[in-house]
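File shown here: data.txt, holding compact mmCIF, C-alpha atoms.
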```txt
# COMPACT_ATOMS: atom_id res chain seq x y z
CA MET A 1 103.13 -91.53 -143.00
CA ASP A 2 105.09 -88.50 -144.18
CA ILE A 3 102.65 -87.26 -146.83
CA SER A 4 100.64 -84.05 -147.11
CA VAL A 5 97.04 -84.80 -148.13
CA LEU A 6 95.28 -81.87 -149.83
CA TYR A 7 92.02 -83.65 -150.66
CA GLU A 8 90.50 -87.07 -150.09
CA ASP A 9 87.15 -88.75 -150.64
CA ASN A 10 86.01 -92.28 -151.50
CA HIS A 11 87.35 -92.04 -155.04
CA LEU A 12 90.40 -89.76 -155.07
CA ILE A 13 93.35 -88.70 -152.95
CA VAL A 14 95.46 -85.64 -153.78
CA LEU A 15 98.90 -84.97 -152.27
CA ASN A 16 101.22 -82.00 -152.10
CA LYS A 17 104.25 -83.86 -153.40
CA LYS A 18 107.61 -83.02 -151.87
CA PRO A 19 110.69 -82.65 -154.09
CA GLY A 20 112.46 -86.00 -154.20
CA ASP A 21 109.32 -88.12 -153.88
CA LEU A 22 108.87 -90.67 -156.67
CA THR A 23 105.60 -90.82 -158.61
CA GLN A 24 106.54 -94.25 -159.93
CA GLY A 25 109.26 -96.75 -159.09
CA ASP A 26 112.61 -96.40 -160.83
CA LYS A 27 116.09 -97.93 -160.79
CA THR A 28 116.84 -96.37 -157.37
CA LYS A 29 114.41 -98.84 -155.78
CA ASP A 30 113.20 -96.05 -153.47
CA LEU A 31 109.62 -96.51 -152.29
CA PRO A 32 107.29 -94.69 -154.73
CA LEU A 33 104.30 -92.62 -153.63
CA PRO A 34 101.62 -95.12 -154.75
CA ASP A 35 103.06 -97.65 -152.31
CA ILE A 36 103.24 -95.03 -149.56
CA VAL A 37 99.62 -94.01 -150.25
CA LYS A 38 98.55 -97.66 -150.06
CA GLN A 39 100.22 -97.97 -146.64
CA TYR A 40 98.53 -94.73 -145.53
CA LEU A 41 95.07 -95.91 -146.64
CA LYS A 42 95.56 -99.38 -145.16
CA HIS A 43 96.52 -97.88 -141.81
CA LYS A 44 93.92 -95.07 -141.77
CA TYR A 45 90.96 -97.29 -142.63
CA ASN A 46 92.29 -100.52 -141.10
CA LYS A 47 91.85 -102.26 -144.46
CA PRO A 48 92.64 -105.97 -144.77
CA GLY A 49 94.19 -107.29 -147.98
CA ASN A 50 95.26 -105.24 -150.98
CA VAL A 51 94.57 -101.50 -151.33
CA PHE A 52 94.06 -99.84 -154.72
CA CYS A 53 96.00 -96.71 -155.71
CA GLY A 54 96.03 -95.73 -159.38
CA VAL A 55 98.51 -93.28 -160.89
CA VAL A 56 96.56 -90.65 -162.86
CA HIS A 57 99.43 -88.35 -163.86
CA ARG A 58 103.09 -87.81 -162.99
CA LEU A 59 105.46 -85.19 -161.67
CA ASP A 60 109.23 -85.33 -162.14
CA ARG A 61 111.12 -86.40 -159.03
CA PRO A 62 112.69 -82.98 -158.26
CA THR A 63 109.33 -81.18 -158.77
CA SER A 64 106.78 -80.46 -156.04
CA GLY A 65 103.04 -79.84 -155.91
CA VAL A 66 99.60 -81.23 -156.69
CA LEU A 67 99.60 -84.95 -157.45
CA LEU A 68 96.36 -86.89 -157.94
CA PHE A 69 95.78 -90.60 -157.35
CA ALA A 70 92.64 -92.70 -157.82
CA LYS A 71 91.35 -94.92 -155.02
CA THR A 72 89.12 -96.98 -157.33
CA SER A 73 89.55 -98.43 -160.81
CA LYS A 74 86.42 -96.55 -161.98
CA ALA A 75 87.87 -93.22 -160.85
CA LEU A 76 91.21 -94.08 -162.47
CA GLU A 77 89.60 -94.84 -165.83
CA ARG A 78 87.51 -91.65 -165.81
CA MET A 79 90.37 -89.40 -164.68
CA ASN A 80 92.72 -90.92 -167.27
CA GLN A 81 90.16 -90.01 -169.91
CA GLN A 82 89.95 -86.41 -168.67
CA PHE A 83 93.72 -86.04 -168.88
CA ARG A 84 93.79 -87.70 -172.30
CA LEU A 85 91.08 -85.36 -173.62
CA LYS A 86 92.84 -82.32 -172.05
CA GLU A 87 89.79 -81.51 -169.91
CA THR A 88 91.92 -80.68 -166.87
CA ILE A 89 93.72 -77.38 -166.19
CA LYS A 90 97.27 -77.70 -164.86
CA THR A 91 98.90 -74.56 -163.47
CA TYR A 92 102.56 -74.48 -162.43
CA TRP A 93 104.78 -71.87 -160.81
CA ALA A 94 108.49 -71.75 -161.61
CA ILE A 95 111.45 -69.66 -160.52
CA VAL A 96 113.49 -69.04 -163.67
CA GLU A 97 116.61 -67.17 -164.74
CA LYS A 98 115.91 -63.61 -165.86
CA LYS A 99 115.93 -63.05 -169.58
CA GLU A 100 114.69 -60.32 -171.92
CA ILE A 101 111.34 -61.82 -172.86
CA ASN A 102 107.72 -60.70 -173.11
CA ARG A 103 105.91 -60.54 -169.77
CA GLU A 104 103.51 -63.17 -171.05
CA GLY A 105 103.29 -65.40 -174.07
CA ARG A 106 102.61 -68.76 -175.66
CA LEU A 107 105.42 -71.17 -176.49
CA LEU A 108 105.10 -73.80 -179.20
CA HIS A 109 107.92 -76.27 -179.75
CA TYR A 110 108.36 -79.81 -180.99
CA LEU A 111 109.99 -82.09 -178.45
CA LYS A 112 111.71 -85.43 -178.74
CA LYS A 113 112.49 -87.59 -175.73
CA ASN A 114 115.85 -89.32 -175.34
CA SER A 115 115.03 -92.19 -173.00
CA ALA A 116 118.67 -93.17 -172.48
CA LYS A 117 119.45 -89.71 -171.09
CA ASN A 118 115.97 -89.18 -169.58
CA LYS A 119 115.89 -85.79 -171.27
CA SER A 120 113.83 -84.05 -173.95
CA TYR A 121 115.08 -81.77 -176.72
CA CYS A 122 113.51 -79.13 -178.95
CA VAL A 123 113.69 -80.41 -182.52
CA ASP A 124 112.41 -79.55 -185.99
CA LYS A 125 108.71 -80.21 -186.59
CA ASN A 126 109.49 -82.91 -189.15
CA THR A 127 111.87 -84.87 -186.91
CA LYS A 128 110.79 -88.49 -186.47
CA GLY A 129 109.17 -88.93 -183.06
CA ALA A 130 108.70 -85.18 -182.48
CA LYS A 131 105.62 -84.19 -180.47
CA GLU A 132 103.96 -80.79 -180.34
CA ALA A 133 104.37 -79.00 -176.98
CA ILE A 134 102.42 -75.86 -176.04
CA LEU A 135 102.39 -73.82 -172.86
CA ASN A 136 101.26 -70.35 -171.82
CA TYR A 137 103.36 -68.33 -169.37
CA LYS A 138 103.08 -65.11 -167.43
CA ILE A 139 105.70 -63.40 -165.27
CA ILE A 140 103.98 -62.77 -161.93
CA LYS A 141 106.90 -61.47 -159.88
CA GLU A 142 110.45 -60.18 -160.36
CA LEU A 143 113.11 -61.15 -157.81
CA ASP A 144 116.75 -59.99 -157.69
CA ASN A 145 118.06 -62.61 -160.11
CA TYR A 146 114.95 -64.49 -161.15
CA PHE A 147 111.41 -64.25 -162.44
CA VAL A 148 108.51 -66.11 -160.87
CA MET A 149 106.43 -67.50 -163.73
CA GLU A 150 102.96 -68.95 -163.86
CA ILE A 151 102.63 -71.63 -166.52
CA ILE A 152 99.49 -73.29 -167.86
CA LEU A 153 100.03 -76.37 -169.99
CA GLU A 154 98.08 -77.11 -173.15
CA THR A 155 99.94 -80.39 -173.72
CA GLY A 156 101.64 -82.82 -171.36
CA ARG A 157 105.02 -83.89 -172.74
CA HIS A 158 108.05 -85.40 -171.03
CA HIS A 159 109.95 -82.60 -169.20
CA GLN A 160 107.92 -80.12 -171.25
CA ILE A 161 108.15 -77.03 -169.02
CA ARG A 162 111.82 -77.64 -168.27
CA THR A 163 112.70 -78.08 -171.96
CA GLN A 164 110.64 -75.21 -173.34
CA LEU A 165 111.73 -72.64 -170.74
CA ALA A 166 115.39 -73.64 -171.14
CA SER A 167 115.05 -73.16 -174.90
CA ILE A 168 114.21 -69.45 -174.40
CA GLY A 169 116.99 -68.97 -171.83
CA CYS A 170 114.70 -69.04 -168.77
CA ARG A 171 116.21 -72.10 -167.11
CA ILE A 172 114.46 -73.25 -163.95
CA LYS A 173 116.44 -72.60 -160.78
CA GLY A 174 118.33 -75.73 -159.73
CA ASP A 175 117.68 -77.64 -162.97
CA LEU A 176 121.21 -78.71 -163.85
CA LYS A 177 119.93 -81.18 -166.46
CA TYR A 178 118.62 -78.27 -168.53
CA GLY A 179 121.50 -75.87 -168.01
CA ALA A 180 120.97 -74.16 -164.63
CA LYS A 181 124.21 -72.76 -163.22
CA ARG A 182 123.94 -74.44 -159.80
CA SER A 183 121.82 -76.96 -157.96
CA ASN A 184 119.37 -76.29 -155.14
CA LYS A 185 120.58 -77.43 -151.72
CA ASN A 186 117.88 -80.10 -151.38
CA GLY A 187 118.28 -81.43 -154.92
CA SER A 188 114.95 -79.96 -156.02
CA ILE A 189 114.21 -77.79 -159.00
CA SER A 190 112.10 -74.66 -158.44
CA LEU A 191 109.07 -75.97 -160.31
CA HIS A 192 105.82 -76.41 -158.39
CA ALA A 193 102.52 -77.86 -159.60
CA LYS A 194 100.45 -75.09 -158.01
CA LYS A 195 96.91 -75.92 -159.06
CA LEU A 196 94.89 -78.69 -160.68
CA GLU A 197 91.30 -78.25 -161.87
CA PHE A 198 89.14 -81.16 -163.01
CA THR A 199 85.65 -82.63 -162.95
CA HIS A 200 85.07 -85.14 -160.16
CA PRO A 201 84.81 -88.58 -161.79
CA VAL A 202 81.66 -89.55 -159.84
CA SER A 203 79.89 -86.45 -158.47
CA LYS A 204 80.75 -84.40 -161.62
CA GLU A 205 81.41 -81.29 -159.52
CA HIS A 206 84.23 -78.91 -160.41
CA ILE A 207 87.26 -79.52 -158.19
CA CYS A 208 90.15 -77.06 -157.82
CA ILE A 209 93.13 -78.12 -155.70
CA ASP A 210 95.78 -75.54 -154.76
CA ALA A 211 99.10 -76.71 -153.29
CA PRO A 212 100.99 -74.47 -150.82
CA LEU A 213 104.47 -73.51 -151.98
CA PRO A 214 107.51 -75.37 -150.60
CA GLU A 215 109.02 -74.04 -147.38
CA ASP A 216 112.04 -72.42 -148.97
CA ASP A 217 113.60 -68.96 -148.64
CA ILE A 218 113.24 -68.05 -152.30
CA TRP A 219 109.61 -69.20 -152.53
CA ASN A 220 108.92 -67.29 -149.34
CA GLN A 221 109.81 -64.04 -151.14
CA GLN A 222 106.30 -64.23 -152.62
```
Write the structure described by the file as structure tokens, please.
Amino acid sequence: MDISVLYEDNHLIVLNKKPGDLTQGDKTKDLPLPDIVKQYLKHKYNKPGNVFCGVVHRLDRPTSGVLLFAKTSKALERMNQQFRLKETIKTYWAIVEKKEINREGRLLHYLKKNSAKNKSYCVDKNTKGAKEAILNYKIIKELDNYFVMEIILETGRHHQIRTQLASIGCRIKGDLKYGAKRSNKNGSISLHAKKLEFTHPVSKEHICIDAPLPEDDIWNQQ
């Protein structure tokens, strides 16, 4: 199975998602990661019958990085609650267009999702359906034409990082949907879920998973 497992125990399995992999099935009918994980577990442990794999959170298809699945319904319920109560810490790295901005800051916008276009927009606070979106960013490296940013989310909205960074002119490299000038060769966008911190749903220990960066020339300038 062509998956990169970062962590696994009896309750959880964490992957380093590749750009292009699907977190959930869509109209393309491509095989989504939960089904691939089920095949992996069935083969690895020689399991008869059905295998459980619960989706805890999601990453956009062109995004890479830490992706957590639950191997039991109990773990799924407890991890869903942690995400709902914002008890996890999600850290992303992004390669973005250079812009005159503060080296670090906090962005607060109100976003509205357009399901037909599968895109989110920054809107006025009082717009019907608007949801508060907050992230903290820090520029950690300067490249020739780009910044490398570290982003920590306070909320988890549809396309939140992509929408908020585009709104301040720091479009993510390769993200044509949000105004990038050109695509990446492999169809990815340069957004990577670098780290996920959470409390183990059974042992209660603190878990911190760090995903290696994609094998790509621009990421390798780190």
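The spacing separating CA of Thr163 (chain A) from CA of Ala133 (chain A) amounts to 9.8 Å.
Distance-wise, CA of Thr72 (chain A) and CA of Leu59 (chain A) end up 20.6 Å apart.
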Non-local contacts of Cys122 (chain A) (9 Å; only C-alpha atoms; under 3 positions in same chain excluded) as a PyMOL selection string: chain A and resi 109-112+130+163-164+167
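Between Pro34 (chain A) and the residues A:Met79, A:Ile3, A:Ile218, A:Leu108, the shortest atom-to-atom distance, using all atoms listed in the file, involves A:Ile3.
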I'd like the neighbourhood of His57 (chain A) as a PyMOL selection string, where a residue qualifies if any of its atoms comes within 10 Å (using all atoms listed in the file), though same-chain residues fewer than 6 positions away should be ignored. chain A and resi 23+67-69+79-80+83+156
Neighbouring residues of Val51 (chain A) were defined as those with any atom within 8 Å, considering all atoms listed in the file; residues of the same chain fewer than 3 positions away were excluded. Please report them as a short mmCIF file (atom, residue, chain, number, x, y, z; two decimals) with C-alpha atoms, in the coordinates of the input.
```
data_model
loop_
_atom_site.label_atom_id
_atom_site.label_comp_id
_atom_site.auth_asym_id
_atom_site.auth_seq_id
_atom_site.Cartn_x
_atom_site.Cartn_y
_atom_site.Cartn_z
CA LYS A 38 98.55 -97.66 -150.06
CA LEU A 41 95.07 -95.91 -146.64
CA LYS A 42 95.56 -99.38 -145.16
CA LYS A 47 91.85 -102.26 -144.46
#
```
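The space between CA of Val5 (chain A) and CA of Met149 (chain A) spans 25.1 Å.
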Handout entry: 9 Å contact set for Ile151 (chain A), all atoms listed in the file, chain neighbours under 2 positions out, as a ChimeraX atom specification
Key = /A:90-94,135-139,149,153,161
Taking all atoms of region 97-106 of chain A that appear in the file, build a box with edges along x, y and z, extend it by 8 Å on every side, and state its centre and edge lengths in Å to one decimal, as lines of an AutoDock Vina configuration file.
```
center_x = 109.6
center_y = -64.5
center_z = -170.2
size_x = 30.0
size_y = 24.4
size_z = 26.9
```
request  = Quick one: everything within 12 Å of region 209-216 of chain A, counting all atoms listed in the file, minus sequence neighbours fewer than 6 positions away in the same chain. Send it as an MDAnalysis selection string.
outcome  = chainID A and resid 4:8 12:19 62:68 88:95 184:186 188:200 222
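When all atoms listed in the file are used to measure the gap to Lys141 (chain A), the shortest distance among A:Lys98, A:Arg182, A:Lys74, A:Arg157 belongs to A:Lys98.
Proximity to Glu97 (chain A) was assessed for A:Asn145, A:Asn114, A:Gln82, A:Gln24 counting only C-alpha atoms; the smallest distance is recorded for A:Asn145.
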Between A:Lys27, A:Lys173, A:Arg58, A:Lys86, smallest distance to Val148 (chain A) by all atoms listed in the file belongs to A:Lys173
Could region 23-56 of chain A be completed with N, CA and C atoms and returned as a PDB file, in the coordinates of the input?
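And here's selection32.pdb as it stands now:
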```pdb
ATOM      1  N   THR A  23     106.957 -90.509-158.181  1.00  0.00           N
ATOM      2  CA  THR A  23     105.600 -90.820-158.610  1.00  0.00           C
ATOM      3  C   THR A  23     105.476 -92.285-158.964  1.00  0.00           C
ATOM      4  N   GLN A  24     106.501 -92.833-159.576  1.00  0.00           N
ATOM      5  CA  GLN A  24     106.540 -94.250-159.930  1.00  0.00           C
ATOM      6  C   GLN A  24     107.917 -94.802-159.618  1.00  0.00           C
ATOM      7  N   GLY A  25     107.983 -96.116-159.411  1.00  0.00           N
ATOM      8  CA  GLY A  25     109.260 -96.750-159.090  1.00  0.00           C
ATOM      9  C   GLY A  25     110.277 -96.567-160.207  1.00  0.00           C
ATOM     10  N   ASP A  26     111.544 -96.495-159.831  1.00  0.00           N
ATOM     11  CA  ASP A  26     112.610 -96.400-160.830  1.00  0.00           C
ATOM     12  C   ASP A  26     113.798 -97.252-160.378  1.00  0.00           C
ATOM     13  N   LYS A  27     114.930 -97.071-161.061  1.00  0.00           N
ATOM     14  CA  LYS A  27     116.090 -97.930-160.790  1.00  0.00           C
ATOM     15  C   LYS A  27     116.680 -97.706-159.400  1.00  0.00           C
ATOM     16  N   THR A  28     116.311 -96.610-158.724  1.00  0.00           N
ATOM     17  CA  THR A  28     116.840 -96.370-157.370  1.00  0.00           C
ATOM     18  C   THR A  28     116.262 -97.332-156.353  1.00  0.00           C
ATOM     19  N   LYS A  29     115.118 -97.930-156.689  1.00  0.00           N
ATOM     20  CA  LYS A  29     114.410 -98.840-155.780  1.00  0.00           C
ATOM     21  C   LYS A  29     113.846 -98.127-154.553  1.00  0.00           C
ATOM     22  N   ASP A  30     113.844 -96.785-154.560  1.00  0.00           N
ATOM     23  CA  ASP A  30     113.200 -96.050-153.470  1.00  0.00           C
ATOM     24  C   ASP A  30     111.696 -96.289-153.519  1.00  0.00           C
ATOM     25  N   LEU A  31     111.051 -96.231-152.366  1.00  0.00           N
ATOM     26  CA  LEU A  31     109.620 -96.510-152.290  1.00  0.00           C
ATOM     27  C   LEU A  31     108.838 -95.393-152.981  1.00  0.00           C
ATOM     28  N   PRO A  32     108.048 -95.726-154.016  1.00  0.00           N
ATOM     29  CA  PRO A  32     107.290 -94.690-154.730  1.00  0.00           C
ATOM     30  C   PRO A  32     106.020 -94.307-153.979  1.00  0.00           C
ATOM     31  N   LEU A  33     105.483 -93.140-154.329  1.00  0.00           N
ATOM     32  CA  LEU A  33     104.300 -92.620-153.630  1.00  0.00           C
ATOM     33  C   LEU A  33     103.087 -93.544-153.678  1.00  0.00           C
ATOM     34  N   PRO A  34     102.780 -94.230-154.794  1.00  0.00           N
ATOM     35  CA  PRO A  34     101.620 -95.120-154.750  1.00  0.00           C
ATOM     36  C   PRO A  34     101.700 -96.156-153.633  1.00  0.00           C
ATOM     37  N   ASP A  35     102.898 -96.683-153.395  1.00  0.00           N
ATOM     38  CA  ASP A  35     103.060 -97.650-152.310  1.00  0.00           C
ATOM     39  C   ASP A  35     102.894 -96.992-150.942  1.00  0.00           C
ATOM     40  N   ILE A  36     103.392 -95.758-150.825  1.00  0.00           N
ATOM     41  CA  ILE A  36     103.240 -95.030-149.560  1.00  0.00           C
ATOM     42  C   ILE A  36     101.766 -94.700-149.307  1.00  0.00           C
ATOM     43  N   VAL A  37     101.056 -94.308-150.375  1.00  0.00           N
ATOM     44  CA  VAL A  37      99.620 -94.010-150.250  1.00  0.00           C
ATOM     45  C   VAL A  37      98.855 -95.272-149.845  1.00  0.00           C
ATOM     46  N   LYS A  38      99.205 -96.400-150.431  1.00  0.00           N
ATOM     47  CA  LYS A  38      98.550 -97.660-150.060  1.00  0.00           C
ATOM     48  C   LYS A  38      98.737 -97.956-148.568  1.00  0.00           C
ATOM     49  N   GLN A  39      99.947 -97.755-148.068  1.00  0.00           N
ATOM     50  CA  GLN A  39     100.220 -97.970-146.640  1.00  0.00           C
ATOM     51  C   GLN A  39      99.380 -97.004-145.792  1.00  0.00           C
ATOM     52  N   TYR A  40      99.316 -95.751-146.238  1.00  0.00           N
ATOM     53  CA  TYR A  40      98.530 -94.730-145.530  1.00  0.00           C
ATOM     54  C   TYR A  40      97.054 -95.128-145.455  1.00  0.00           C
ATOM     55  N   LEU A  41      96.486 -95.540-146.589  1.00  0.00           N
ATOM     56  CA  LEU A  41      95.070 -95.910-146.640  1.00  0.00           C
ATOM     57  C   LEU A  41      94.808 -97.170-145.815  1.00  0.00           C
ATOM     58  N   LYS A  42      95.701 -98.123-145.910  1.00  0.00           N
ATOM     59  CA  LYS A  42      95.560 -99.380-145.160  1.00  0.00           C
ATOM     60  C   LYS A  42      95.533 -99.114-143.661  1.00  0.00           C
ATOM     61  N   HIS A  43      96.427 -98.213-143.228  1.00  0.00           N
ATOM     62  CA  HIS A  43      96.520 -97.880-141.810  1.00  0.00           C
ATOM     63  C   HIS A  43      95.335 -97.028-141.362  1.00  0.00           C
ATOM     64  N   LYS A  44      94.990 -96.004-142.155  1.00  0.00           N
ATOM     65  CA  LYS A  44      93.920 -95.070-141.770  1.00  0.00           C
ATOM     66  C   LYS A  44      92.573 -95.758-141.649  1.00  0.00           C
ATOM     67  N   TYR A  45      92.287 -96.648-142.592  1.00  0.00           N
ATOM     68  CA  TYR A  45      90.960 -97.290-142.630  1.00  0.00           C
ATOM     69  C   TYR A  45      90.986 -98.739-142.147  1.00  0.00           C
ATOM     70  N   ASN A  46      92.149 -99.158-141.636  1.00  0.00           N
ATOM     71  CA  ASN A  46      92.290-100.520-141.100  1.00  0.00           C
ATOM     72  C   ASN A  46      91.811-101.557-142.129  1.00  0.00           C
ATOM     73  N   LYS A  47      92.304-101.407-143.357  1.00  0.00           N
ATOM     74  CA  LYS A  47      91.850-102.260-144.460  1.00  0.00           C
ATOM     75  C   LYS A  47      92.632-103.580-144.491  1.00  0.00           C
ATOM     76  N   PRO A  48      91.929-104.700-144.560  1.00  0.00           N
ATOM     77  CA  PRO A  48      92.640-105.970-144.770  1.00  0.00           C
ATOM     78  C   PRO A  48      92.941-106.152-146.258  1.00  0.00           C
ATOM     79  N   GLY A  49      93.909-106.966-146.577  1.00  0.00           N
ATOM     80  CA  GLY A  49      94.190-107.290-147.980  1.00  0.00           C
ATOM     81  C   GLY A  49      94.771-106.127-148.760  1.00  0.00           C
ATOM     82  N   ASN A  50      94.651-106.221-150.084  1.00  0.00           N
ATOM     83  CA  ASN A  50      95.260-105.240-150.980  1.00  0.00           C
ATOM     84  C   ASN A  50      94.456-103.934-151.016  1.00  0.00           C
ATOM     85  N   VAL A  51      95.176-102.835-151.202  1.00  0.00           N
ATOM     86  CA  VAL A  51      94.570-101.500-151.330  1.00  0.00           C
ATOM     87  C   VAL A  51      94.869-100.985-152.727  1.00  0.00           C
ATOM     88  N   PHE A  52      93.882-100.351-153.357  1.00  0.00           N
ATOM     89  CA  PHE A  52      94.060 -99.840-154.720  1.00  0.00           C
ATOM     90  C   PHE A  52      94.554 -98.391-154.678  1.00  0.00           C
ATOM     91  N   CYS A  53      95.553 -98.093-155.515  1.00  0.00           N
ATOM     92  CA  CYS A  53      96.000 -96.710-155.710  1.00  0.00           C
ATOM     93  C   CYS A  53      96.482 -96.579-157.149  1.00  0.00           C
ATOM     94  N   GLY A  54      95.708 -95.861-157.968  1.00  0.00           N
ATOM     95  CA  GLY A  54      96.030 -95.730-159.380  1.00  0.00           C
ATOM     96  C   GLY A  54      96.712 -94.413-159.689  1.00  0.00           C
ATOM     97  N   VAL A  55      97.764 -94.474-160.495  1.00  0.00           N
ATOM     98  CA  VAL A  55      98.510 -93.280-160.890  1.00  0.00           C
ATOM     99  C   VAL A  55      97.778 -92.612-162.053  1.00  0.00           C
ATOM    100  N   VAL A  56      97.309 -91.390-161.837  1.00  0.00           N
ATOM    101  CA  VAL A  56      96.560 -90.650-162.860  1.00  0.00           C
ATOM    102  C   VAL A  56      97.505 -89.833-163.743  1.00  0.00           C
TER     103      VAL A  56
END
```
